[in-house]
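Asker: final_0.txt is reproduced in full below (compact mmCIF, C-alpha atoms).
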```txt
# COMPACT_ATOMS: atom_id res chain seq x y z
CA MET A 1 -49.13 30.31 26.25
CA SER A 2 -50.65 27.38 28.11
CA THR A 3 -48.52 24.97 30.11
CA PRO A 4 -47.62 21.98 27.91
CA ASP A 5 -49.12 18.67 28.98
CA LEU A 6 -46.63 15.84 28.46
CA LEU A 7 -48.74 13.15 30.14
CA TYR A 8 -51.07 10.74 28.35
CA SER A 9 -54.79 11.09 29.04
CA ASP A 10 -57.03 8.10 29.76
CA VAL A 11 -58.50 8.41 26.26
CA GLU A 12 -55.01 8.33 24.74
CA GLU A 13 -54.08 5.27 26.76
CA ASP A 14 -57.27 3.51 25.64
CA LEU A 15 -56.41 4.36 22.05
CA ARG A 16 -52.90 3.00 22.56
CA SER A 17 -54.26 -0.27 23.94
CA SER A 18 -56.54 -0.76 20.94
CA VAL A 19 -53.86 0.03 18.37
CA ARG A 20 -51.22 -2.07 20.16
CA ALA A 21 -53.55 -5.07 20.39
CA LEU A 22 -54.31 -4.86 16.67
CA LEU A 23 -50.67 -4.50 15.63
CA THR A 24 -49.52 -7.28 17.98
CA ASP A 25 -52.09 -9.60 16.47
CA ARG A 26 -51.65 -8.67 12.80
CA ALA A 27 -48.13 -7.23 12.43
CA GLY A 28 -45.91 -9.46 14.55
CA PRO A 29 -42.26 -10.05 13.57
CA THR A 30 -42.96 -13.33 11.73
CA ALA A 31 -45.73 -11.84 9.58
CA LEU A 32 -43.71 -8.68 9.01
CA LEU A 33 -40.58 -10.49 7.81
CA ALA A 34 -42.62 -12.71 5.54
CA ARG A 35 -44.43 -9.75 3.94
CA VAL A 36 -41.45 -7.50 3.18
CA GLU A 37 -40.02 -10.13 0.86
CA THR A 38 -43.17 -10.33 -1.27
CA ASP A 39 -44.49 -8.21 -4.14
CA THR A 40 -47.10 -6.71 -1.80
CA PRO A 41 -45.11 -5.14 1.05
CA TYR A 42 -48.06 -3.05 2.28
CA ASP A 43 -50.72 -4.77 4.37
CA LEU A 44 -53.84 -3.04 3.04
CA ALA A 45 -56.16 -5.31 5.01
CA LEU A 46 -54.46 -4.15 8.20
CA TRP A 47 -54.67 -0.57 6.94
CA LYS A 48 -58.44 -0.90 6.50
CA THR A 49 -58.85 -2.15 10.05
CA LEU A 50 -56.53 0.48 11.52
CA ALA A 51 -57.76 3.43 9.46
CA ALA A 52 -61.45 2.69 8.97
CA ASP A 53 -62.55 0.26 11.68
CA LEU A 54 -60.53 1.86 14.50
CA GLY A 55 -60.99 5.31 12.93
CA THR A 56 -57.38 6.41 13.24
CA ALA A 57 -57.30 7.94 9.74
CA GLY A 58 -59.66 10.72 10.80
CA LEU A 59 -58.30 11.59 14.23
CA MET A 60 -57.17 15.09 13.21
CA VAL A 61 -60.25 15.80 11.10
CA PRO A 62 -63.23 17.68 12.61
CA GLU A 63 -66.44 15.73 13.10
CA SER A 64 -68.22 18.03 10.64
CA LEU A 65 -65.89 16.69 7.92
CA GLY A 66 -66.27 13.02 8.78
CA GLY A 67 -63.45 12.76 11.30
CA HIS A 68 -63.29 12.30 15.06
CA GLY A 69 -62.37 15.83 16.11
CA ALA A 70 -59.32 14.76 18.11
CA SER A 71 -55.86 16.30 17.75
CA THR A 72 -52.24 15.63 16.97
CA ARG A 73 -51.81 14.25 20.48
CA GLU A 74 -53.93 11.22 19.60
CA VAL A 75 -52.22 10.86 16.22
CA ALA A 76 -48.88 10.88 18.06
CA VAL A 77 -50.01 7.89 20.13
CA VAL A 78 -50.81 5.96 16.96
CA MET A 79 -47.43 6.94 15.50
CA GLU A 80 -45.67 5.65 18.64
CA GLU A 81 -47.34 2.28 18.27
CA LEU A 82 -46.52 2.15 14.56
CA GLY A 83 -42.91 2.84 15.50
CA ARG A 84 -42.98 -0.07 17.95
CA SER A 85 -44.24 -2.42 15.24
CA VAL A 86 -42.93 -0.81 11.99
CA ALA A 87 -46.22 -2.02 10.49
CA PRO A 88 -46.33 -1.70 6.68
CA VAL A 89 -49.31 0.67 6.40
CA PRO A 90 -49.51 4.08 4.65
CA TYR A 91 -50.38 6.01 7.80
CA LEU A 92 -47.68 8.67 7.48
CA GLY A 93 -48.45 9.44 3.85
CA SER A 94 -52.24 9.46 4.11
CA ALA A 95 -53.41 10.12 7.68
CA VAL A 96 -50.62 12.58 8.48
CA LEU A 97 -49.10 14.28 5.42
CA ALA A 98 -52.00 14.38 2.95
CA THR A 99 -54.62 14.92 5.67
CA ALA A 100 -52.66 17.78 7.27
CA ALA A 101 -52.29 19.49 3.88
CA LEU A 102 -56.01 19.20 3.09
CA LEU A 103 -56.91 20.27 6.62
CA ALA A 104 -54.83 23.45 6.33
CA ALA A 105 -56.29 24.14 2.89
CA GLY A 106 -59.87 23.56 4.04
CA SER A 107 -60.51 21.04 1.25
CA ASP A 108 -63.76 19.15 0.74
CA LEU A 109 -61.70 16.03 -0.02
CA LEU A 110 -61.04 15.47 3.69
CA PRO A 111 -64.00 13.12 4.37
CA GLN A 112 -62.60 10.59 1.88
CA LEU A 113 -59.25 10.40 3.66
CA ALA A 114 -60.84 10.56 7.13
CA SER A 115 -62.97 7.50 6.40
CA GLY A 116 -59.91 5.45 5.42
CA SER A 117 -61.60 4.44 2.17
CA VAL A 118 -59.16 6.54 0.13
CA ILE A 119 -55.39 6.53 0.61
CA GLY A 120 -53.73 9.88 -0.01
CA ALA A 121 -50.14 10.91 -0.61
CA LEU A 122 -48.53 14.33 -0.65
CA ALA A 123 -46.31 14.51 -3.73
CA VAL A 124 -43.12 15.93 -2.24
CA PRO A 125 -39.79 14.14 -1.72
CA LEU A 126 -39.68 12.45 1.68
CA SER A 127 -36.57 14.46 2.57
CA THR A 128 -38.37 17.82 2.19
CA ALA A 129 -38.00 19.77 5.43
CA PRO A 130 -40.26 22.44 6.92
CA GLY A 131 -39.12 25.85 5.75
CA SER A 132 -38.07 24.57 2.32
CA ALA A 133 -38.85 26.55 -0.82
CA PHE A 134 -42.12 25.68 -2.56
CA PRO A 135 -41.37 22.82 -5.02
CA ALA A 136 -41.26 23.75 -8.70
CA THR A 137 -40.78 20.39 -10.43
CA VAL A 138 -44.43 20.17 -11.52
CA GLU A 139 -46.21 22.73 -13.73
CA PHE A 140 -49.93 23.48 -13.81
CA LEU A 141 -51.32 24.63 -17.16
CA ASP A 142 -54.83 24.51 -18.64
CA GLY A 143 -56.19 22.28 -15.91
CA THR A 144 -53.44 19.67 -16.12
CA LEU A 145 -50.18 18.87 -14.34
CA THR A 146 -46.88 17.93 -15.95
CA GLY A 147 -43.66 17.10 -14.14
CA ARG A 148 -41.96 14.61 -11.87
CA VAL A 149 -41.57 14.19 -8.12
CA SER A 150 -39.13 11.66 -6.68
CA THR A 151 -39.25 9.60 -3.45
CA VAL A 152 -42.87 10.25 -2.51
CA VAL A 153 -43.78 8.29 0.60
CA ASP A 154 -46.63 5.76 0.29
CA ALA A 155 -47.35 6.85 -3.31
CA SER A 156 -47.29 3.26 -4.61
CA VAL A 157 -50.57 2.46 -2.81
CA ALA A 158 -52.19 5.91 -2.96
CA ASP A 159 -55.57 6.51 -4.60
CA LEU A 160 -55.29 10.30 -4.46
CA LEU A 161 -52.22 12.48 -4.96
CA ILE A 162 -51.99 15.97 -3.46
CA VAL A 163 -49.52 17.74 -5.73
CA PRO A 164 -47.78 21.08 -5.13
CA ALA A 165 -47.19 22.75 -8.49
CA VAL A 166 -46.43 26.14 -9.99
CA GLY A 167 -48.81 27.68 -12.51
CA PRO A 168 -49.46 31.04 -14.15
CA ASP A 169 -50.89 32.35 -10.87
CA GLY A 170 -47.99 31.10 -8.77
CA PRO A 171 -47.90 28.16 -6.35
CA GLY A 172 -50.87 25.88 -5.88
CA LEU A 173 -52.04 22.59 -4.43
CA TYR A 174 -53.86 20.21 -6.76
CA ALA A 175 -55.62 16.86 -6.42
CA VAL A 176 -54.90 14.16 -8.99
CA ASP A 177 -56.32 10.66 -9.26
CA ALA A 178 -53.36 8.32 -8.81
CA SER A 179 -54.42 6.35 -11.87
CA ALA A 180 -53.62 9.41 -14.00
CA ALA A 181 -49.97 9.35 -12.90
CA THR A 182 -47.12 6.98 -13.54
CA VAL A 183 -45.95 5.73 -10.14
CA THR A 184 -42.67 3.83 -10.11
CA GLU A 185 -41.57 2.34 -6.81
CA ALA A 186 -37.96 3.22 -5.99
CA VAL A 187 -35.43 1.09 -4.15
CA SER A 188 -35.99 1.97 -0.51
CA LEU A 189 -33.77 1.36 2.49
CA ASP A 190 -36.89 0.96 4.63
CA LEU A 191 -38.67 -2.19 3.48
CA THR A 192 -41.77 -1.40 5.56
CA ARG A 193 -42.35 2.12 4.22
CA ARG A 194 -41.83 2.47 0.50
CA VAL A 195 -41.15 5.54 -1.62
CA ALA A 196 -41.97 6.00 -5.29
CA ASP A 197 -41.29 8.39 -8.16
CA VAL A 198 -44.41 10.10 -9.53
CA THR A 199 -44.51 11.26 -13.15
CA LEU A 200 -47.37 13.41 -14.43
CA ASP A 201 -47.96 13.96 -18.14
CA SER A 202 -50.86 16.35 -18.72
CA ALA A 203 -52.78 14.70 -15.88
CA ALA A 204 -56.18 16.22 -15.14
CA ALA A 205 -56.08 18.06 -11.81
CA GLN A 206 -58.54 19.62 -9.39
CA VAL A 207 -57.52 22.91 -7.78
CA ILE A 208 -57.41 22.76 -3.99
CA CYS A 209 -55.92 26.18 -3.27
CA THR A 210 -53.46 28.62 -4.79
CA GLY A 211 -51.12 31.43 -3.81
CA SER A 212 -50.08 31.95 -0.21
CA ALA A 213 -52.77 29.53 0.98
CA ALA A 214 -51.05 26.70 -0.91
CA ALA A 215 -47.63 27.57 0.48
CA GLU A 216 -49.05 27.75 4.02
CA ALA A 217 -50.90 24.42 3.63
CA LEU A 218 -47.73 22.68 2.44
CA GLU A 219 -45.67 24.17 5.25
CA SER A 220 -48.30 23.09 7.79
CA ALA A 221 -48.26 19.52 6.44
CA LEU A 222 -44.47 19.27 6.55
CA THR A 223 -44.29 20.75 10.05
CA THR A 224 -47.02 18.43 11.33
CA ALA A 225 -45.36 15.37 9.79
CA ALA A 226 -41.92 16.27 11.16
CA GLY A 227 -43.34 16.81 14.65
CA LEU A 228 -45.33 13.57 14.68
CA LEU A 229 -42.45 11.58 13.22
CA ALA A 230 -40.67 12.15 16.55
CA SER A 231 -43.37 10.03 18.20
CA GLU A 232 -42.72 7.21 15.74
CA GLN A 233 -39.01 7.48 16.49
CA THR A 234 -39.84 7.27 20.20
CA GLY A 235 -41.72 4.04 19.52
CA ILE A 236 -38.69 2.63 17.69
CA THR A 237 -36.49 3.55 20.67
CA GLU A 238 -38.89 1.90 23.13
CA TRP A 239 -39.00 -1.32 21.09
CA ALA A 240 -35.22 -1.44 20.81
CA LEU A 241 -34.70 -1.02 24.56
CA THR A 242 -37.48 -3.41 25.62
CA GLU A 243 -36.45 -6.19 23.25
CA THR A 244 -32.76 -5.83 24.08
CA VAL A 245 -33.36 -5.97 27.84
CA THR A 246 -35.51 -9.07 27.40
CA TYR A 247 -32.87 -10.77 25.27
CA LEU A 248 -29.99 -9.95 27.63
CA LYS A 249 -31.92 -11.30 30.60
CA GLY A 250 -32.38 -14.64 28.90
CA ARG A 251 -28.97 -14.96 27.25
CA TYR A 252 -26.41 -16.69 29.51
CA GLN A 253 -22.63 -16.50 29.30
CA PHE A 254 -20.16 -17.81 31.88
CA GLY A 255 -23.10 -19.11 33.91
CA ARG A 256 -24.87 -15.78 34.34
CA PRO A 257 -27.27 -13.59 32.33
CA VAL A 258 -25.41 -11.38 29.88
CA GLY A 259 -27.49 -8.45 31.11
CA GLY A 260 -25.80 -8.75 34.49
CA PHE A 261 -22.45 -7.51 33.18
CA GLN A 262 -21.82 -3.97 34.33
CA SER A 263 -20.70 -2.57 30.98
CA LEU A 264 -23.95 -3.71 29.36
CA LYS A 265 -25.99 -2.33 32.27
CA HIS A 266 -24.42 1.08 31.62
CA ARG A 267 -25.33 0.95 27.94
CA LEU A 268 -28.89 -0.02 28.74
CA ALA A 269 -29.14 2.73 31.35
CA ASN A 270 -27.97 5.25 28.77
CA LEU A 271 -30.64 4.00 26.35
CA TYR A 272 -33.31 4.35 29.03
CA THR A 273 -32.25 7.92 29.72
CA GLU A 274 -32.39 8.69 26.01
CA LEU A 275 -35.86 7.12 25.76
CA VAL A 276 -37.20 9.32 28.57
CA ASN A 277 -35.66 12.34 26.85
CA ALA A 278 -37.11 11.35 23.48
CA ARG A 279 -40.61 10.78 24.86
CA ALA A 280 -40.71 14.15 26.63
CA THR A 281 -39.47 15.95 23.53
CA ALA A 282 -41.88 14.15 21.20
CA ARG A 283 -44.83 14.72 23.54
CA TYR A 284 -44.00 18.42 23.71
CA ALA A 285 -44.01 18.61 19.90
CA ALA A 286 -47.35 16.78 19.70
CA ASP A 287 -48.88 19.05 22.34
CA ALA A 288 -47.50 22.16 20.61
CA LEU A 289 -49.05 21.07 17.32
CA ALA A 290 -52.38 20.50 19.09
CA THR A 291 -52.41 23.86 20.88
CA GLY A 292 -50.58 25.99 18.33
CA ASN A 293 -48.02 27.12 20.90
CA ASP A 294 -44.33 27.33 20.00
CA VAL A 295 -44.81 24.99 17.04
CA PRO A 296 -41.74 25.66 14.83
CA ILE A 297 -39.33 25.53 17.79
CA ALA A 298 -40.94 22.44 19.33
CA VAL A 299 -40.78 20.56 16.02
CA ALA A 300 -37.19 21.58 15.30
CA VAL A 301 -36.09 20.51 18.79
CA ALA A 302 -37.96 17.20 18.47
CA GLN A 303 -36.34 16.22 15.19
CA ALA A 304 -32.89 17.46 16.18
CA ARG A 305 -33.00 15.43 19.40
CA VAL A 306 -35.18 12.35 18.85
CA SER A 307 -33.93 11.36 15.40
CA PRO A 308 -30.36 10.47 16.50
CA ILE A 309 -31.70 8.74 19.62
CA ALA A 310 -33.82 6.34 17.53
CA VAL A 311 -30.85 5.46 15.32
CA HIS A 312 -28.59 4.91 18.32
CA ALA A 313 -31.17 2.69 20.04
CA ALA A 314 -31.66 0.56 16.92
CA GLU A 315 -27.90 0.22 16.45
CA GLU A 316 -27.49 -0.88 20.07
CA ALA A 317 -30.29 -3.42 19.63
CA VAL A 318 -28.53 -4.97 16.64
CA GLN A 319 -25.17 -5.10 18.41
CA LEU A 320 -26.37 -6.27 21.82
CA HIS A 321 -28.39 -9.09 20.27
CA GLY A 322 -25.06 -10.52 19.17
CA GLY A 323 -24.94 -12.77 16.13
CA ILE A 324 -28.72 -13.15 15.92
CA GLY A 325 -29.10 -9.39 15.63
CA MET A 326 -27.18 -9.48 12.35
CA THR A 327 -29.45 -12.05 10.73
CA TRP A 328 -32.29 -11.37 8.32
CA GLU A 329 -34.60 -13.61 10.37
CA HIS A 330 -34.50 -11.22 13.34
CA PRO A 331 -36.56 -8.01 12.94
CA ALA A 332 -33.87 -5.71 14.41
CA HIS A 333 -32.64 -4.74 10.95
CA LEU A 334 -36.13 -3.51 10.00
CA TYR A 335 -36.11 -1.11 12.96
CA LEU A 336 -32.62 0.13 12.14
CA LYS A 337 -33.66 0.77 8.53
CA ARG A 338 -36.80 2.60 9.64
CA ALA A 339 -34.76 4.70 12.09
CA LYS A 340 -32.20 5.59 9.41
CA SER A 341 -34.96 6.41 6.91
CA ASP A 342 -36.75 8.57 9.49
CA GLN A 343 -33.48 10.39 10.18
CA ILE A 344 -33.57 11.71 6.61
CA ALA A 345 -37.33 12.28 6.41
CA PHE A 346 -38.49 15.90 6.60
CA GLY A 347 -34.96 17.17 7.15
CA THR A 348 -31.87 15.79 8.83
CA PRO A 349 -31.07 16.60 12.48
CA GLY A 350 -28.45 19.07 11.25
CA ARG A 351 -31.04 20.84 9.11
CA HIS A 352 -33.36 21.16 12.10
CA ARG A 353 -30.56 22.44 14.35
CA ALA A 354 -29.76 25.12 11.77
CA ARG A 355 -33.44 26.08 11.58
CA LEU A 356 -33.67 26.16 15.35
CA ALA A 357 -30.70 28.54 15.49
CA ASP A 358 -32.56 30.93 13.18
CA LEU A 359 -35.81 30.60 15.15
CA VAL A 360 -34.18 31.50 18.48
CA ASP A 361 -31.81 34.06 16.93
CA LEU A 362 -28.54 32.24 17.61
CA PRO A 363 -25.74 33.62 15.41
CA ALA A 364 -23.78 31.15 13.30
```
As structure tokens - that is how I would like this structure written.
Answerer:
Amino acid sequence: MSTPDLLYSDVEEDLRSSVRALLTDRAGPTALLARVETDTPYDLALWKTLAADLGTAGLMVPESLGGHGASTREVAVVMEELGRSVAPVPYLGSAVLATAALLAAGSDLLPQLASGSVIGALAVPLSTAPGSAFPATVEFLDGTLTGRVSTVVDASVADLLIVPAVGPDGPGLYAVDASAATVTEAVSLDLTRRVADVTLDSAAAQVICTGSAAAEALESALTTAAGLLASEQTGITEWALTETVTYLKGRYQFGRPVGGFQSLKHRLANLYTELVNARATARYAADALATGNDVPIAVAVAQARVSPIAVHAAEEAVQLHGGIGMTWEHPAHLYLKRAKSDQIAFGTPGRHRARLADLVDLPA
């Protein structure tokens, strides 16, 4: 095993600067709050710039398949910045989940997703954790798919659905044009990342892979998404701490900055310690996914540790902003909702702790 590299390279920092500049310009709090109350919560113009013009949709994809031949480390940097902005773009569903599944399956559909011209979605419930049984809610028969999948992330704006289904030959992964499915957006806690129910009624499907290859591709996608989600949660934590410190420095009470009170200093110090912990854990997961070393353990540790940290940081941001933190006009509630939604995505912290116990042979 190689020594894990938790530091950011110069290339990764340059990528961060480009993504942060774009999101600061196009997905600021005012624009974000205005958009989530409309009938078009996703910013597809921003997605085109992020995915196609900056090329972030194809970071994990080899150059021979139209991508940039980078790795999960670079994708993790993008996820961090998306966590800092909670930008309403389908990056998790398309550039992470669907792309990872197609990459593991060796599909010729990858160039479409890598270019950013096609938005993909992996048709599994958002709460599906790595190590889960292969889903059996959709049936493949005579070239068509029939069944229903609930709470599929980013499905409402997807052009292509990657659907796990069970057929006469066992499990398989299939590609379906989204127009052939009935996609009904569900009520979502997270207003900046929507989920939808997907219903298929004899929808024409293209076979991607079957048998053990399909099960392995799905497991790879879920593991990759869970590991990279920790980077997004780190970005949420960083935003919460940075914004709260800034607010407490400028808010005066009894003739002095509120941030000068010792009890609040202690709470902020605890948040900083948690942020450092979260970043190290998330970076280890991203590096493990890139190198193939210690992947299941690194991902389980990342989700078990970073997920509660992000929720705690967002809760502290709401509370320490005082009355303004409880208002709809302040973006703190969007970060808390994203953190709570992420806490359920791809398995709860408890689920990952239980899986970690099995991986390292800890008895119950």
Asker: Work out how far CA of Leu103 in chain A is from CA of Gly66 in chain A, in Å to one decimal.
Answerer: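 CA of Leu103 in chain A lies 12.0 Å from CA of Gly66 in chain A.
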Asker: Kindly indicate which residue among A:Pro164, A:Ala278, A:Pro171, A:Ser188 lies nearest to Gly211 in chain A, using all atoms listed in the file for the distances.
Answerer: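 Closest candidate: A:Pro171.
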Asker: In Å to one decimal, how far is CA of Leu82 in chain A from CA of Asp190 in chain A?
Answerer: 13.9 Å
Asker: Hey, what's within 7 Å of Pro4 in chain A if we count only C-alpha atoms and toss same-chain stuff fewer than 2 positions away? As a list in words, please?
Answerer: Ser2, Leu6, Tyr284 and Asp287 of chain A
Asker: How would the residues just chosen look if you wrote them out with C-alpha atoms as a PDB file, keeping the file's coordinate frame?
Answerer:
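This went into selection-v1.pdb:
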```
ATOM      1  CA  SER A   2     -50.650  27.380  28.110  1.00  0.00           C
ATOM      2  CA  LEU A   6     -46.630  15.840  28.460  1.00  0.00           C
ATOM      3  CA  TYR A 284     -44.000  18.420  23.710  1.00  0.00           C
ATOM      4  CA  ASP A 287     -48.880  19.050  22.340  1.00  0.00           C
TER       5      ASP A 287
END
```
Asker: For each of A:Gly322, A:Gly93, A:Gly227, A:Pro29, take the minimum atom-to-atom distance to Arg251 in chain A, counting all atoms listed in the file, then give the residue where this is smallest.
Answerer: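 Of the candidates, the smallest distance to Arg251 in chain A is held by A:Gly322.
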Asker: Near Gly170 in chain A, counting only C-alpha atoms, which residues have an atom at most 12 Å away, once you skip same-chain residues fewer than 4 positions from it, shown as a PyMOL selection string?
Answerer: chain A and resi 134-136+138-141+164-166+209-215
Asker: My list of candidates is A:Ile119, A:Val75, A:Val245, A:Val153. Which is closest to Ala345 in chain A when distances are computed with all atoms listed in the file?
Answerer: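 Counting all atoms listed in the file, the residue closest to Ala345 in chain A is A:Val153.
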Asker: With all atoms listed in the file as the counted atoms, please give the residues lying no more than 7 Å from Phe346 in chain A, apart from itself and same-chain residues fewer than 4 positions off, as a CSV table (one decimal) with C-alpha atoms, in the frame of the given file.
Answerer:
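Listed below is the output, out_34.csv:
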```
chain,number,residue,atom,x,y,z
A,126,LEU,CA,-39.7,12.4,1.7
A,127,SER,CA,-36.6,14.5,2.6
A,128,THR,CA,-38.4,17.8,2.2
A,129,ALA,CA,-38.0,19.8,5.4
A,130,PRO,CA,-40.3,22.4,6.9
A,222,LEU,CA,-44.5,19.3,6.6
A,226,ALA,CA,-41.9,16.3,11.2
```
Asker: Restricting the calculation to only C-alpha atoms: of A:Ser156, A:Ser220, A:Thr56, A:Ser117, which residue gets closest to Asp197 in chain A?
Answerer: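 Residue with the minimum atom-to-atom distance to Asp197 in chain A: A:Ser156.
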Asker: Give me the residues within 9 Å of Leu356 in chain A as a PyMOL selection string, counting all atoms listed in the file and dropping any in the same chain fewer than 2 places off.
Answerer: chain A and resi 296-297+300-301+304+351-354+358-362
Asker: Would you kindly return, as a short mmCIF file (atom, residue, chain, number, x, y, z; two decimals) with C-alpha atoms, keeping the file's coordinate frame, each protein, DNA or RNA residue with an atom no farther than 10 Å from any atom of Gly67 in chain A, considering all atoms listed in the file and excluding same-chain residues fewer than 6 positions away?
Answerer:
```cif
data_model
loop_
_atom_site.label_atom_id
_atom_site.label_comp_id
_atom_site.auth_asym_id
_atom_site.auth_seq_id
_atom_site.Cartn_x
_atom_site.Cartn_y
_atom_site.Cartn_z
CA GLY A 55 -60.99 5.31 12.93
CA THR A 56 -57.38 6.41 13.24
CA ALA A 57 -57.30 7.94 9.74
CA GLY A 58 -59.66 10.72 10.80
CA LEU A 59 -58.30 11.59 14.23
CA MET A 60 -57.17 15.09 13.21
CA VAL A 61 -60.25 15.80 11.10
CA LEU A 110 -61.04 15.47 3.69
CA PRO A 111 -64.00 13.12 4.37
CA GLN A 112 -62.60 10.59 1.88
CA LEU A 113 -59.25 10.40 3.66
CA ALA A 114 -60.84 10.56 7.13
CA SER A 115 -62.97 7.50 6.40
#
```
Asker: May I ask for the distance between CA of Val187 in chain A and CA of Gly347 in chain A, given in Å to one decimal place?
Answerer: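 Pair CA of Val187 in chain A / CA of Gly347 in chain A returns 19.7 Å.
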Asker: Quick one: residues within 8 Å of (-35.4, -9.0, 19.8) (file frame), counting all atoms listed in the file, please, as a ChimeraX atom specification.
Answerer: /A:240,243-244,246-247,317,321,325,330-332
Asker: Taking all atoms of range 27-43 of chain A that the file lists and extending 8 Å past them on each side, where is the centre of the axis-aligned box and how long are its edges? Answer in Å to one decimal, as lines of an AutoDock Vina configuration file.
Answerer:
```
center_x = -45.4
center_y = -8.2
center_z = 5.2
size_x = 26.7
size_y = 26.3
size_z = 34.7
```
Asker: Pick the closest to Thr192 in chain A from A:Pro41, A:Gly235, A:Gly350, A:Gly255: which is it, counting all atoms listed in the file?
Answerer: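 Comparing A:Pro41, A:Gly235, A:Gly350, A:Gly255 against Thr192 in chain A, the winner is A:Pro41.
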Asker: Can you work out which one of A:Leu229, A:Leu200, A:Ala175, A:Leu54 has the shortest atom-to-atom distance to Asp14 in chain A, counting only C-alpha atoms?
Answerer: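 Once distances to Asp14 in chain A are computed over only C-alpha atoms, the minimum belongs to A:Leu54.
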Asker: List as a CSV table (one decimal) with C-alpha atoms, keeping the file's coordinate frame the residues having at least one atom at most 10 Å from position (-40.8, -11.5, 13.7) as given in the file, counting only C-alpha atoms.
Answerer:
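To be explicit, this is the file written out as result.csv:
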```csv
chain,number,residue,atom,x,y,z
A,27,ALA,CA,-48.1,-7.2,12.4
A,28,GLY,CA,-45.9,-9.5,14.6
A,29,PRO,CA,-42.3,-10.0,13.6
A,30,THR,CA,-43.0,-13.3,11.7
A,31,ALA,CA,-45.7,-11.8,9.6
A,32,LEU,CA,-43.7,-8.7,9.0
A,33,LEU,CA,-40.6,-10.5,7.8
A,34,ALA,CA,-42.6,-12.7,5.5
A,85,SER,CA,-44.2,-2.4,15.2
A,329,GLU,CA,-34.6,-13.6,10.4
A,330,HIS,CA,-34.5,-11.2,13.3
A,331,PRO,CA,-36.6,-8.0,12.9
A,332,ALA,CA,-33.9,-5.7,14.4
A,334,LEU,CA,-36.1,-3.5,10.0
```
